[in-house]
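Below: the structure, in C-alpha cells.
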Amino acid sequence: MRTCLICCSHSLSVGAAAMARGGHVEGESIPAATGEAEDDDLASLPTREGWWTTFVLYHGCWLSSPTATSVSLVRAQFAPRHDDLLLATYPKCGTTWLKALSFAVANRSRHRVAGGDHPLLTSHPQDLVPFIELPYRHLHPLAALDALPSPRLLCTHMPPQLLPPRVAELGCRIVYLCREPKDVVVSMWHYMNKVGNGFFLDLDKAFELFVDGFSLFGPIWDHCLGYWKKSMEEPDTVLFLKYDDMMADPAGHVKKLADFLRVPFTDEEVGAGVVEEVVRLCSFEKLSRLPVNSSAVVDRIGGRPMNSAFFRKGKAGDWKNYLSEEMANKLDAVIEEKLKGSGLTF
Ligand code: PAP
C-alpha cells in the first residue's frame, strides 16, 4: 500500500484536527464526484501516468484523482467569507514558512510573538492554518472549515481557475508565494521520495515530468502566471511574493504581510523589535529545531512521522547541488518562454 502523498502531509487547523482522523491511502478506490460535488465528469478527464498514481487534467491543472474529487467538491460546497484570507502556493514554494509568518502576524495580539507559550513552539505551522482542499473533502467534511471563527486564515494549492467562484465575487484577499522553479523541482523530488513510502523516482525522471508541465497542481508556470496576472489587475486583492525575495529581506516582507492582512505594525511594535521577533520565530533555523517539527509524529491521517518532511534545507539556490547545467538551462528556457511578456521573472 502506498501512502497518500498529499493527505498524509497536510492537515487541519488545531480545532478541526479531530475531524481529520481516519486512514486513507492513495491506492484506495476513490469515489467519483458524487451529486454532492460540482457537476464535473471527472471520469472523462484526460489522464497521465508517471507519478505515484494516475493524474487527471482538471480545468488545465494536473491533479491526482482524489485531489480532483476533493477540489471538485470544494468548488461546489466550500462557502467563502468576505473576510477570509487565503494563502496560496504552488507546492514546495514555502507554504510552511508563509503559514508560520501569517499566523504569527495575524494572531500577535492574542499570542505574544516572543511569548514562551506561542502556538508555533508546540504546533507544526501546517497544523495552524488549514488547507481548503485537504485532507480530501469527500472523506473529511468541509464543516471543519465552517466551524472556524472569522476572519479565517486558510491555505490552498489550487490555481486561480480552480478557486470557488465566490472567492473572486467576494473579493477575498490572497497572499501568493512562488519560488524559483529549479528549487521547487528539487524540493519536490526530495519530498516525494521521502514521504512516498516506497514510491521513488529518479531526479532525471521527475525533472522531465516537471519541465513538461506535468506535476501536481502544475504546470507551475500557469499556477504562477494566474496569480501574477490577478495581482497586476487587483493589487489590493492579491499580494504576490517570492521566496527568494523573502529570504533576502524577511523583515520587509513581514511588514508588507502585516499591512496586507490589515494588521500593520505600530511604531511602538517596530521600535520594540516585534518585526524581527516574527522573523526569528518563523525562521527555518528556529522552527526546524523544535521537537514538534523535528521529531513529532502527529496523527493527522493514519499517523505518519511527517513533521520533519517540511523542513529540509530552506535555502535559495540549492538546485545548484542537484541539477546539471543542461537541466538548469532547459528549465530556464521553458520558464522564460512561458512567462514571456508577463513581467514575471525568476
Ligand atoms: P508544501 O507546499 O508541500 O505544503 P512547503 O513548505 O512549501 O510545503 O515545502 C517545504 C519547503 O519549504 C522546503 O524547501 P527545501 O526542500 O528547498 O528545503 C523547506 O525546507 C522549506 N521551508 C520550510 N520552513 C521554512 C522556513 N521557516 N523558512 C524557509 N524555508 C522553509
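The way I read the labels, and the way they are meant: chains A, B, ... in the order of the C-alpha cells, residue 1 as the first residue of every chain, and ligand 1 as the first ligand shown, with later ones counted on from there.
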If you count only C-alpha atoms and all ligand atoms, which residues end up within 6 Å of ligand 1, as a PDB file with C-alpha atoms, in the first residue's frame?
```pdb
ATOM      1  CA  PRO A  91       3.631  23.036  -3.566  1.00  0.00           C
ATOM      2  CA  LYS A  92       7.169  23.401  -2.179  1.00  0.00           C
ATOM      3  CA  CYS A  93       7.297  27.161  -2.627  1.00  0.00           C
ATOM      4  CA  GLY A  94       7.477  27.923   1.103  1.00  0.00           C
ATOM      5  CA  THR A  95       3.949  27.123   2.280  1.00  0.00           C
ATOM      6  CA  THR A  96       5.128  26.158   5.768  1.00  0.00           C
ATOM      7  CA  TRP A  97       7.043  29.423   6.138  1.00  0.00           C
ATOM      8  CA  SER A 187      12.445  20.296  -3.148  1.00  0.00           C
ATOM      9  CA  CYS A 282       9.393  31.685  11.887  1.00  0.00           C
ATOM     10  CA  SER A 283      12.931  31.152  10.651  1.00  0.00           C
ATOM     11  CA  PHE A 284      13.948  27.770   9.304  1.00  0.00           C
ATOM     12  CA  PHE A 310       8.553  20.041   5.596  1.00  0.00           C
ATOM     13  CA  PHE A 311      11.976  21.179   6.790  1.00  0.00           C
ATOM     14  CA  ARG A 312      14.872  20.171   4.560  1.00  0.00           C
ATOM     15  CA  LYS A 313      17.330  22.999   3.813  1.00  0.00           C
ATOM     16  CA  GLY A 314      15.233  26.133   3.497  1.00  0.00           C
ATOM     17  CA  LYS A 315      17.685  27.853   1.164  1.00  0.00           C
TER      18      LYS A 315
END
```
- [ ] Determine, counting only C-alpha atoms, which protein, DNA and RNA residues have an atom within 12 Å of an atom of A:Thr237; residues of the same chain fewer than 2 positions away are not included. Present the result as an MDAnalysis selection string.
- [x] chainID A and resid 82:87 167:176 227:235 239:240 260:262
Got time to write the residues from that selection, N, CA, C and O atoms, as a CSV table (one decimal), in the first residue's frame?
```csv
chain,number,residue,atom,x,y,z
A,82,HIS,N,-16.3,37.0,3.1
A,82,HIS,CA,-15.6,38.1,2.5
A,82,HIS,C,-14.3,38.5,3.2
A,82,HIS,O,-13.4,39.0,2.6
A,83,ASP,N,-14.2,38.1,4.5
A,83,ASP,CA,-13.0,38.4,5.2
A,83,ASP,C,-12.0,37.3,5.3
A,83,ASP,O,-11.1,37.3,6.1
A,84,ASP,N,-12.3,36.2,4.5
A,84,ASP,CA,-11.3,35.1,4.5
A,84,ASP,C,-10.0,35.6,3.9
A,84,ASP,O,-10.0,36.5,3.0
A,85,LEU,N,-8.9,35.2,4.5
A,85,LEU,CA,-7.6,35.5,3.9
A,85,LEU,C,-7.0,34.2,3.4
A,85,LEU,O,-6.8,33.3,4.2
A,86,LEU,N,-6.7,34.1,2.1
A,86,LEU,CA,-6.2,32.9,1.6
A,86,LEU,C,-4.7,33.0,1.3
A,86,LEU,O,-4.2,33.9,0.7
A,87,LEU,N,-4.0,31.9,1.8
A,87,LEU,CA,-2.5,31.8,1.4
A,87,LEU,C,-2.5,30.8,0.3
A,87,LEU,O,-3.0,29.7,0.5
A,167,VAL,N,-15.0,33.2,-4.2
A,167,VAL,CA,-13.8,33.8,-3.7
A,167,VAL,C,-13.5,35.1,-4.4
A,167,VAL,O,-13.3,36.1,-3.8
A,168,ALA,N,-13.6,35.1,-5.7
A,168,ALA,CA,-13.4,36.3,-6.5
A,168,ALA,C,-14.6,37.3,-6.3
A,168,ALA,O,-14.4,38.5,-6.2
A,169,GLU,N,-15.8,36.7,-6.3
A,169,GLU,CA,-17.0,37.6,-6.2
A,169,GLU,C,-17.0,38.3,-4.9
A,169,GLU,O,-17.4,39.5,-4.8
A,170,LEU,N,-16.5,37.7,-3.8
A,170,LEU,CA,-16.5,38.3,-2.5
A,170,LEU,C,-15.2,39.2,-2.3
A,170,LEU,O,-15.1,39.9,-1.4
A,171,GLY,N,-14.3,39.1,-3.3
A,171,GLY,CA,-13.1,39.8,-3.1
A,171,GLY,C,-12.2,39.4,-2.0
A,171,GLY,O,-11.4,40.2,-1.4
A,172,CYS,N,-12.2,38.1,-1.7
A,172,CYS,CA,-11.3,37.6,-0.7
A,172,CYS,C,-9.9,37.9,-1.0
A,172,CYS,O,-9.4,37.7,-2.1
A,173,ARG,N,-9.1,38.3,0.0
A,173,ARG,CA,-7.7,38.7,-0.3
A,173,ARG,C,-6.8,37.4,-0.3
A,173,ARG,O,-7.1,36.5,0.5
A,174,ILE,N,-5.8,37.4,-1.1
A,174,ILE,CA,-5.0,36.3,-1.3
A,174,ILE,C,-3.5,36.7,-1.2
A,174,ILE,O,-3.1,37.7,-1.9
A,175,VAL,N,-2.8,35.9,-0.5
A,175,VAL,CA,-1.3,36.1,-0.5
A,175,VAL,C,-0.7,34.9,-1.3
A,175,VAL,O,-1.0,33.8,-0.9
A,176,TYR,N,0.0,35.2,-2.3
A,176,TYR,CA,0.5,34.2,-3.2
A,176,TYR,C,2.0,34.2,-3.0
A,176,TYR,O,2.7,35.2,-3.1
A,227,TYR,N,-1.9,33.8,-10.8
A,227,TYR,CA,-1.9,34.7,-9.6
A,227,TYR,C,-1.1,36.0,-9.9
A,227,TYR,O,-1.5,37.0,-9.4
A,228,TRP,N,-0.1,35.9,-10.8
A,228,TRP,CA,0.6,37.1,-11.1
A,228,TRP,C,-0.3,38.1,-11.8
A,228,TRP,O,-0.4,39.3,-11.5
A,229,LYS,N,-1.1,37.6,-12.8
A,229,LYS,CA,-2.0,38.4,-13.5
A,229,LYS,C,-3.0,39.0,-12.6
A,229,LYS,O,-3.4,40.2,-12.7
A,230,LYS,N,-3.6,38.2,-11.7
A,230,LYS,CA,-4.5,38.7,-10.8
A,230,LYS,C,-3.9,39.8,-9.9
A,230,LYS,O,-4.6,40.8,-9.6
A,231,SER,N,-2.7,39.6,-9.5
A,231,SER,CA,-2.0,40.6,-8.6
A,231,SER,C,-1.8,41.9,-9.4
A,231,SER,O,-1.8,43.0,-8.8
A,232,MET,N,-1.6,41.8,-10.7
A,232,MET,CA,-1.4,43.0,-11.5
A,232,MET,C,-2.7,43.8,-11.7
A,232,MET,O,-2.8,45.0,-11.6
A,233,GLU,N,-3.8,43.0,-11.9
A,233,GLU,CA,-5.1,43.6,-12.1
A,233,GLU,C,-5.7,44.1,-10.8
A,233,GLU,O,-6.4,45.1,-10.8
A,234,GLU,N,-5.5,43.4,-9.7
A,234,GLU,CA,-6.1,43.7,-8.4
A,234,GLU,C,-5.1,43.7,-7.3
A,234,GLU,O,-5.1,42.8,-6.5
A,235,PRO,N,-4.2,44.7,-7.3
A,235,PRO,CA,-3.1,44.6,-6.3
A,235,PRO,C,-3.6,44.7,-4.8
A,235,PRO,O,-2.9,44.2,-3.9
A,239,LEU,N,-1.6,39.8,-3.1
A,239,LEU,CA,-0.2,40.1,-2.8
A,239,LEU,C,0.7,39.0,-3.3
A,239,LEU,O,0.5,37.9,-2.9
A,240,PHE,N,1.5,39.4,-4.2
A,240,PHE,CA,2.4,38.4,-4.9
A,240,PHE,C,3.8,38.4,-4.3
A,240,PHE,O,4.5,39.4,-4.4
A,260,PHE,N,-0.9,44.0,4.4
A,260,PHE,CA,-1.9,43.4,3.6
A,260,PHE,C,-3.0,42.7,4.4
A,260,PHE,O,-4.1,42.7,4.0
A,261,LEU,N,-2.5,42.1,5.6
A,261,LEU,CA,-3.5,41.4,6.4
A,261,LEU,C,-4.3,42.5,7.2
A,261,LEU,O,-5.2,42.1,8.0
A,262,ARG,N,-4.0,43.7,7.0
A,262,ARG,CA,-4.7,44.8,7.7
A,262,ARG,C,-4.5,44.8,9.2
A,262,ARG,O,-5.3,45.2,10.0
```
Task: Counting only C-alpha atoms, the residue of A:Leu142, A:Leu121, A:Leu216, A:Leu331 that sits nearest A:Ser288 - done: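 Looking only at the distances to A:Ser288, the closest residue turns out to be A:Leu121.
Per DSSP on the backbone, strand (DSSP E) in stretch 172-255 of chain A comprises Arg173, Ile174, Val175, Tyr176, Leu177, Cys178, Val238, Leu239, Phe240, Leu241 and Lys242 of chain A.
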- [ ] List the neighbours of stretch 152-154 of chain A out to 9 Å using only C-alpha atoms; skip same-chain residues closer than 4 positions along the sequence, and give me the result as a ChimeraX atom specification.
- [x] /A:81,83-88,99,102-103,106,128-132,145,148
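Here atom CA of A:Ala79 stands at a distance of 12.5 Å from atom CA of A:Pro141.
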